[in-house]
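S.K.: I'm passing along my_file_21.txt; it holds compact mmCIF, C-alpha atoms and all ligand atoms.
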# COMPACT_ATOMS: atom_id res chain seq x y z
CA MET C 1 -53.98 -10.45 -127.84
CA SER C 2 -55.19 -10.01 -124.29
CA GLN C 3 -53.56 -7.05 -122.55
CA SER C 4 -53.67 -8.94 -119.22
CA TYR C 5 -51.08 -11.38 -120.63
CA LEU C 6 -47.82 -9.99 -119.25
CA PHE C 7 -45.85 -10.92 -122.38
CA HIS C 8 -48.40 -9.74 -124.98
CA ASP C 9 -45.99 -7.07 -126.26
CA ALA C 10 -42.77 -9.14 -126.16
CA ALA C 11 -40.69 -9.24 -129.33
CA GLU C 12 -41.12 -12.51 -131.24
CA ALA C 13 -37.55 -13.83 -130.87
CA GLN C 14 -37.31 -12.82 -127.20
CA GLU C 15 -40.62 -14.46 -126.29
CA TYR C 16 -39.76 -17.60 -128.28
CA ALA C 17 -36.49 -17.92 -126.31
CA ARG C 18 -38.40 -17.53 -123.03
CA LEU C 19 -41.02 -20.11 -124.02
CA LEU C 20 -38.30 -22.59 -125.08
CA ALA C 21 -36.51 -22.10 -121.75
CA LEU C 22 -39.78 -22.69 -119.90
CA ALA C 23 -40.43 -25.83 -121.91
CA ALA C 24 -36.89 -27.11 -121.35
CA CYS C 25 -37.37 -27.15 -117.59
CA ALA C 26 -41.01 -28.24 -117.57
CA ASP C 27 -41.49 -30.72 -120.45
CA PRO C 28 -39.70 -33.72 -118.89
CA LEU C 29 -41.88 -33.53 -115.75
CA THR C 30 -45.06 -33.00 -117.76
CA LEU C 31 -44.35 -35.96 -120.05
CA ALA C 32 -43.53 -38.15 -117.02
CA ARG C 33 -46.87 -37.16 -115.44
CA MET C 34 -48.70 -37.94 -118.66
CA ALA C 35 -47.03 -41.37 -118.72
CA ARG C 36 -48.17 -41.98 -115.12
CA ILE C 37 -51.70 -41.01 -116.18
CA GLY C 38 -51.49 -43.67 -118.91
CA LEU C 39 -51.29 -41.65 -122.14
CA ALA C 40 -51.58 -44.22 -124.93
CA LYS C 41 -52.21 -44.86 -128.61
CA GLY C 42 -55.60 -43.67 -129.80
CA TRP C 43 -56.06 -41.02 -127.08
CA ARG C 44 -57.59 -37.66 -127.93
CA VAL C 45 -55.55 -34.93 -126.21
CA LEU C 46 -56.29 -31.20 -125.92
CA GLU C 47 -53.37 -28.88 -125.15
CA ILE C 48 -54.42 -25.34 -124.25
CA GLY C 49 -51.88 -22.53 -124.63
CA PRO C 50 -49.01 -24.67 -126.02
CA GLY C 51 -46.71 -21.64 -126.39
CA ALA C 52 -43.66 -22.83 -128.35
CA GLY C 53 -45.42 -26.13 -129.04
CA THR C 54 -42.66 -28.37 -127.73
CA LEU C 55 -45.11 -30.91 -126.28
CA LEU C 56 -47.03 -31.38 -129.51
CA ALA C 57 -44.64 -33.70 -131.36
CA PRO C 58 -44.07 -36.03 -128.38
CA LEU C 59 -47.82 -36.12 -127.78
CA ALA C 60 -48.50 -36.91 -131.45
CA GLU C 61 -45.97 -39.72 -131.36
CA GLN C 62 -47.55 -41.23 -128.28
CA VAL C 63 -51.19 -41.10 -129.45
CA GLY C 64 -50.27 -42.26 -132.97
CA GLU C 65 -52.33 -41.98 -136.12
CA SER C 66 -55.43 -43.33 -134.41
CA GLY C 67 -55.32 -40.51 -131.83
CA ALA C 68 -55.60 -36.74 -131.99
CA VAL C 69 -53.72 -33.77 -130.56
CA ASP C 70 -55.74 -30.56 -130.66
CA ALA C 71 -54.00 -27.35 -129.54
CA ILE C 72 -55.79 -24.09 -128.81
CA GLU C 73 -53.49 -21.06 -128.84
CA ARG C 74 -54.32 -17.41 -129.33
CA ASP C 75 -50.72 -16.52 -130.29
CA VAL C 76 -49.78 -19.03 -132.98
CA ARG C 77 -46.52 -17.32 -134.07
CA TYR C 78 -44.45 -20.26 -132.81
CA LEU C 79 -46.68 -23.05 -134.11
CA ARG C 80 -46.26 -22.60 -137.86
CA ASP C 81 -44.47 -25.94 -138.27
CA PHE C 82 -47.07 -28.01 -136.46
CA THR C 83 -49.52 -28.87 -139.22
CA PRO C 84 -49.33 -32.62 -139.85
CA GLU C 85 -51.99 -34.91 -138.45
CA PRO C 86 -52.74 -35.93 -135.79
CA ILE C 87 -51.90 -32.37 -134.65
CA ARG C 88 -54.55 -29.70 -135.23
CA ILE C 89 -53.82 -26.08 -134.29
CA ILE C 90 -56.88 -24.04 -133.34
CA ALA C 91 -55.92 -20.35 -133.49
CA GLN C 92 -58.36 -18.98 -130.95
CA ASP C 93 -58.82 -17.83 -127.39
CA ALA C 94 -59.76 -20.92 -125.38
CA LEU C 95 -62.35 -18.83 -123.53
CA GLN C 96 -64.20 -18.33 -126.83
CA TRP C 97 -63.89 -21.93 -128.06
CA SER C 98 -66.32 -24.83 -127.68
CA PRO C 99 -66.06 -28.31 -129.18
CA PRO C 100 -68.61 -29.34 -131.81
CA ALA C 101 -71.87 -30.73 -130.40
CA ASP C 102 -71.02 -34.29 -131.54
CA ASP C 103 -67.48 -34.22 -130.09
CA PRO C 104 -66.79 -37.49 -128.22
CA GLY C 105 -64.72 -35.69 -125.56
CA TYR C 106 -61.03 -35.79 -124.69
CA ASP C 107 -59.06 -38.47 -122.86
CA LEU C 108 -56.62 -35.84 -121.55
CA ILE C 109 -56.70 -32.05 -121.34
CA HIS C 110 -53.52 -30.26 -120.26
CA LEU C 111 -52.81 -26.66 -119.29
CA ARG C 112 -49.43 -25.44 -118.02
CA TYR C 113 -48.70 -21.85 -116.94
CA VAL C 114 -51.96 -20.79 -118.63
CA LEU C 115 -54.61 -20.50 -115.88
CA ILE C 116 -52.48 -18.00 -113.94
CA HIS C 117 -52.79 -15.63 -116.90
CA GLN C 118 -56.62 -15.66 -116.92
CA ALA C 119 -58.80 -13.17 -115.09
CA ASP C 120 -60.90 -16.21 -114.12
CA GLY C 121 -58.67 -19.27 -114.35
CA ALA C 122 -61.13 -21.41 -112.43
CA ALA C 123 -63.81 -20.71 -115.06
CA LEU C 124 -61.50 -21.92 -117.85
CA ALA C 125 -60.67 -25.07 -115.87
CA GLN C 126 -64.42 -25.68 -115.40
CA ARG C 127 -65.00 -25.38 -119.14
CA CYS C 128 -62.16 -27.84 -119.79
CA ALA C 129 -63.65 -30.40 -117.40
CA GLN C 130 -66.86 -30.37 -119.46
CA TRP C 131 -64.88 -31.26 -122.59
CA LEU C 132 -63.54 -34.50 -121.09
CA LYS C 133 -64.91 -37.95 -121.82
CA PRO C 134 -66.23 -39.75 -118.76
CA GLY C 135 -63.02 -41.14 -117.25
CA GLY C 136 -60.93 -38.48 -119.03
CA TRP C 137 -58.08 -36.72 -117.21
CA LEU C 138 -57.46 -33.05 -116.50
CA LEU C 139 -53.77 -32.21 -115.84
CA LEU C 140 -53.01 -28.71 -114.55
CA GLU C 141 -49.55 -27.27 -113.80
CA GLU C 142 -49.41 -23.71 -112.50
CA PRO C 143 -46.87 -21.59 -110.60
CA ASP C 144 -47.13 -20.31 -107.06
CA PHE C 145 -44.90 -17.24 -107.06
CA THR C 146 -45.44 -16.68 -103.33
CA GLN C 147 -43.00 -19.58 -102.71
CA CYS C 148 -40.12 -17.87 -104.58
CA ARG C 149 -37.16 -16.91 -102.41
CA ALA C 150 -33.43 -16.40 -102.17
CA ILE C 151 -31.67 -19.38 -100.57
CA ASP C 152 -28.77 -18.80 -98.15
CA ALA C 153 -27.71 -15.69 -100.05
CA PRO C 154 -25.72 -12.79 -98.49
CA ALA C 155 -28.20 -10.35 -96.94
CA PRO C 156 -27.83 -7.57 -99.56
CA VAL C 157 -28.34 -10.05 -102.42
CA ALA C 158 -31.29 -11.70 -100.67
CA HIS C 159 -32.80 -8.24 -100.22
CA HIS C 160 -32.65 -7.52 -103.98
CA ILE C 161 -34.06 -10.93 -104.90
CA ASN C 162 -36.89 -10.87 -102.39
CA ARG C 163 -37.90 -7.29 -103.32
CA VAL C 164 -38.35 -8.48 -106.89
CA HIS C 165 -40.33 -11.52 -105.76
CA ASP C 166 -42.70 -9.15 -103.95
CA ALA C 167 -42.93 -7.06 -107.12
CA ILE C 168 -43.77 -10.12 -109.25
CA CYS C 169 -46.70 -10.93 -106.96
CA ALA C 170 -47.83 -7.31 -106.92
CA LEU C 171 -47.68 -7.11 -110.72
CA PHE C 172 -49.97 -10.14 -111.09
CA GLU C 173 -52.37 -8.70 -108.51
CA SER C 174 -52.42 -5.32 -110.26
CA LYS C 175 -53.68 -7.12 -113.39
CA GLY C 176 -56.42 -8.89 -111.44
CA LEU C 177 -54.43 -12.16 -111.54
CA ASP C 178 -53.55 -14.52 -108.69
CA PRO C 179 -49.74 -14.97 -108.30
CA ALA C 180 -50.45 -18.04 -106.14
CA PHE C 181 -52.80 -19.69 -108.63
CA GLY C 182 -50.96 -23.01 -108.20
CA GLN C 183 -52.25 -23.20 -104.61
CA ARG C 184 -55.80 -23.29 -105.92
CA LEU C 185 -55.33 -26.46 -107.98
CA PRO C 186 -56.03 -29.06 -105.24
CA ASN C 187 -59.50 -27.72 -104.40
CA LEU C 188 -60.25 -26.87 -108.01
CA LEU C 189 -59.60 -30.41 -109.17
CA ARG C 190 -61.30 -31.95 -106.15
CA ALA C 191 -64.45 -30.19 -107.35
CA LEU C 192 -63.99 -30.91 -111.08
CA THR C 193 -62.21 -34.26 -111.47
CA PRO C 194 -62.20 -35.85 -108.01
CA ASP C 195 -61.40 -39.41 -109.08
CA SER C 196 -57.74 -40.54 -108.63
CA LEU C 197 -56.65 -37.03 -107.62
CA VAL C 198 -52.88 -36.45 -107.34
CA VAL C 199 -51.23 -33.21 -106.17
CA GLU C 200 -47.52 -32.38 -106.30
CA ASN C 201 -45.51 -29.28 -105.43
CA HIS C 202 -42.31 -28.98 -107.46
CA ALA C 203 -40.13 -26.28 -105.90
CA PRO C 204 -36.52 -26.90 -106.92
CA ILE C 205 -33.68 -24.93 -105.32
CA VAL C 206 -31.27 -24.23 -108.19
CA PRO C 207 -28.01 -22.38 -108.86
CA GLY C 208 -27.92 -19.36 -111.14
CA GLY C 209 -27.96 -20.37 -114.78
CA ALA C 210 -30.16 -23.43 -114.18
CA PRO C 211 -33.18 -23.64 -116.53
CA GLN C 212 -35.72 -22.48 -113.90
CA ALA C 213 -33.50 -19.50 -113.00
CA GLU C 214 -32.99 -18.64 -116.66
CA VAL C 215 -36.76 -18.59 -117.29
CA MET C 216 -37.23 -16.03 -114.53
CA ALA C 217 -34.21 -14.04 -115.73
CA LEU C 218 -35.67 -13.90 -119.24
CA SER C 219 -39.02 -12.80 -117.79
CA ALA C 220 -37.21 -10.05 -115.86
CA ASP C 221 -35.37 -8.97 -119.03
CA HIS C 222 -38.80 -8.11 -120.46
CA LEU C 223 -40.64 -6.99 -117.33
CA SER C 224 -37.98 -4.90 -115.48
CA ALA C 225 -39.89 -1.64 -115.82
CA ALA C 226 -43.21 -3.29 -114.92
CA TYR C 227 -41.68 -4.81 -111.76
CA ALA C 228 -40.25 -1.42 -110.73
CA ALA C 229 -43.56 0.31 -111.48
CA THR C 230 -45.26 -1.76 -108.75
CA GLY C 231 -43.28 0.23 -106.16
CA TYR C 232 -42.14 -3.00 -104.44
CA CYS C 233 -38.67 -2.85 -106.01
CA ASN C 234 -36.52 -0.50 -108.03
CA LEU C 235 -34.49 -1.00 -111.20
CA GLU C 236 -31.32 -1.64 -109.18
CA ASN C 237 -33.08 -4.50 -107.36
CA VAL C 238 -34.13 -5.98 -110.73
CA GLU C 239 -30.62 -5.66 -112.15
CA GLU C 240 -29.12 -7.46 -109.13
CA TYR C 241 -31.88 -10.11 -109.31
CA ARG C 242 -31.08 -10.79 -112.97
CA HIS C 243 -27.36 -11.11 -112.13
CA ALA C 244 -28.12 -13.47 -109.24
CA LEU C 245 -30.26 -15.72 -111.44
CA ARG C 246 -27.28 -16.04 -113.81
CA ASN C 247 -24.60 -16.47 -111.11
CA PRO C 248 -23.85 -20.19 -110.58
CA ARG C 249 -22.61 -19.48 -107.02
CA LEU C 250 -26.00 -18.22 -105.85
CA TRP C 251 -29.04 -20.37 -105.08
CA THR C 252 -32.69 -19.45 -105.45
CA LEU C 253 -36.10 -21.08 -105.48
CA PRO C 254 -37.21 -19.27 -108.64
CA LEU C 255 -40.10 -21.17 -110.23
CA PRO C 256 -42.28 -23.24 -107.87
CA THR C 257 -44.99 -25.14 -109.70
CA VAL C 258 -47.99 -27.03 -108.37
CA ALA C 259 -49.22 -29.93 -110.49
CA ALA C 260 -52.53 -31.68 -109.99
CA TRP C 261 -54.47 -34.18 -112.02
CA GLY C 262 -57.68 -36.09 -111.64
CA ARG C 263 -60.28 -38.05 -113.58
CA ARG C 264 -63.78 -37.07 -114.51
CA ASN C 265 -66.41 -39.45 -113.10
C1 LIG Q 1 -46.67 -18.79 -120.15
S1 LIG Q 1 -47.06 -19.41 -121.71
C2 LIG Q 1 -46.99 -21.18 -121.40
C3 LIG Q 1 -46.76 -21.98 -122.65
C4 LIG Q 1 -46.79 -23.49 -122.46
N1 LIG Q 1 -48.05 -23.95 -121.92
C5 LIG Q 1 -45.66 -23.97 -121.56
O1 LIG Q 1 -45.90 -24.23 -120.39
O2 LIG Q 1 -44.53 -24.07 -122.05
C6 LIG Q 1 -48.82 -19.17 -121.82
C7 LIG Q 1 -49.35 -19.49 -123.21
O3 LIG Q 1 -50.77 -19.60 -123.14
C8 LIG Q 1 -51.36 -18.83 -124.18
N2 LIG Q 1 -52.68 -18.42 -123.69
C9 LIG Q 1 -52.93 -17.71 -122.57
N3 LIG Q 1 -54.25 -17.56 -122.39
C10 LIG Q 1 -54.85 -18.19 -123.43
C11 LIG Q 1 -56.21 -18.38 -123.82
N4 LIG Q 1 -57.21 -17.87 -123.08
N5 LIG Q 1 -56.48 -19.08 -124.95
C12 LIG Q 1 -55.46 -19.58 -125.70
N6 LIG Q 1 -54.16 -19.43 -125.39
C13 LIG Q 1 -53.85 -18.75 -124.27
C14 LIG Q 1 -50.37 -17.70 -124.42
O4 LIG Q 1 -50.53 -17.15 -125.71
C15 LIG Q 1 -49.04 -18.42 -124.23
O5 LIG Q 1 -48.60 -19.02 -125.42
So that I can check it, write out the structure of this file as structure tokens.
M.R.:
Amino acid sequence: MSQSYLFHDAAEAQEYARLLALAACADPLTLARMARIGLAKGWRVLEIGPGAGTLLAPLAEQVGESGAVDAIERDVRYLRDFTPEPIRIIAQDALQWSPPADDPGYDLIHLRYVLIHQADGAALAQRCAQWLKPGGWLLLEEPDFTQCRAIDAPAPVAHHINRVHDAICALFESKGLDPAFGQRLPNLLRALTPDSLVVENHAPIVPGGAPQAEVMALSADHLSAAYAATGYCNLENVEEYRHALRNPRLWTLPLPTVAAWGRRN
């Protein structure tokens, strides 16, 4: 597995819990966006980096037996149960994959929290755009960690939280990754799929214990030492940050996500 992926060495159960938490806060919005796009029976859908695979069954139900749901994932530990048609799991790095020469193309390709983990996320998005049918849709949903912040917290608590936010950005940068990848989606899609372009910024302010806060707390459970190693925070800051994300009396903006979708001409 790629060493640039920040969770490549996470224990199976711990990473599965984190992926399920991520899906719990993101799936409803993603499925609503797919409905707005017009996902329908007979569509061919490609899901890249499905993680825990929670979108695969709803997608399969919506495209029906006449459709197809292909999923490319390089870590298929959590996808063992997803074998029945129309779902097809492709255990590969999406950067190494190409569709067969006679492939008719996809009606919808979706990536969520995947491009931010690529050394060249724009290049992967460009490849995806080539795999669309004419008129096919590319839906991208990626975080912008530069928007994270403490909200109306006492100064010492805000200090801990914001030190860790700086460390998260520094950690991505130290791996050659862009912590603000979500900000790149509008221009990326304007170049790739300019027809019917929609851009949204989802930046909920939530109390500790809310799903978005829990995702970031679970990430911090695994990445505490890596955050501290950036030099932007120390282990005490991370400990206080984890407590804050699980304290229902404290508010944060923990997981801002930019979504953008457009149609290939
Ligand atoms: C942060 S998780 C997001 C999972 C899921 N998309 C979601 O939003 O719930 C990123 C997932 O993408 C997978 N991934 C990252 N880069 C990939 C690549 N180049 N090819 C295939 N899978 C990749 C990882 O293994 C991981 O399962």
S.K.: Under the rule that all atoms listed in the file are counted, which of C:Pro248, C:Gln147, C:Trp131, C:Cys25 is the nearest residue to Pro100 (chain C)?
M.R.: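 Nearest candidate to Pro100 (chain C) out of C:Pro248, C:Gln147, C:Trp131, C:Cys25: C:Trp131.
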S.K.: Between CA of Cys128 (chain C) and CA of Ala24 (chain C), what is the distance in Å, rounded to a tenth?
M.R.: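 So the answer is 25.3 Å.
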S.K.: Check which residues fall inside 7 Å of ligand LIG 1 (chain Q) when counting all atoms listed in the file, and print them as a ChimeraX atom specification.
M.R.: /C:5,19,22-23,26,48-52,72-75,92-95,111-114,117-118
S.K.: Give me the residues within 8 Å of region 199-204 of chain C as a list in words, counting only C-alpha atoms and dropping any in the same chain fewer than 6 places off.
M.R.: Gln147, Pro186, Leu253, Pro254, Leu255, Pro256, Thr257, Val258, Ala259, Ala260 and Trp261 of chain C
S.K.: Would you work out the distance separating CA of Tyr241 (chain C) from CA of Pro28 (chain C), expressed in Å to one decimal?
M.R.: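 A separation of 26.7 Å between them.
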S.K.: Calculate how many Å separate CA of Ala71 (chain C) from CA of Arg264 (chain C), rounding to one decimal.
M.R.: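 Separation between CA of Ala71 (chain C) and CA of Arg264 (chain C): 20.4 Å.
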S.K.: Skipping near chain neighbours, those fewer than 2 positions away, what residues fall within 8 Å of Leu177 (chain C) using only C-alpha atoms, listed as a list in words?
M.R.: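 The filter keeps Ile116, His117, Gln118, Ala119, Phe172, Glu173, Ser174, Lys175 and Pro179 of chain C.
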S.K.: Would you compute an axis-aligned box for region 127-137 of chain C, covering every atom listed for it in the file with 6 Å of margin on each side, and report centre and edge lengths in Å to one decimal as JSON?
M.R.:
{"center_x": -62.5, "center_y": -33.3, "center_z": -119.9, "size_x": 20.8, "size_y": 27.8, "size_z": 17.4}
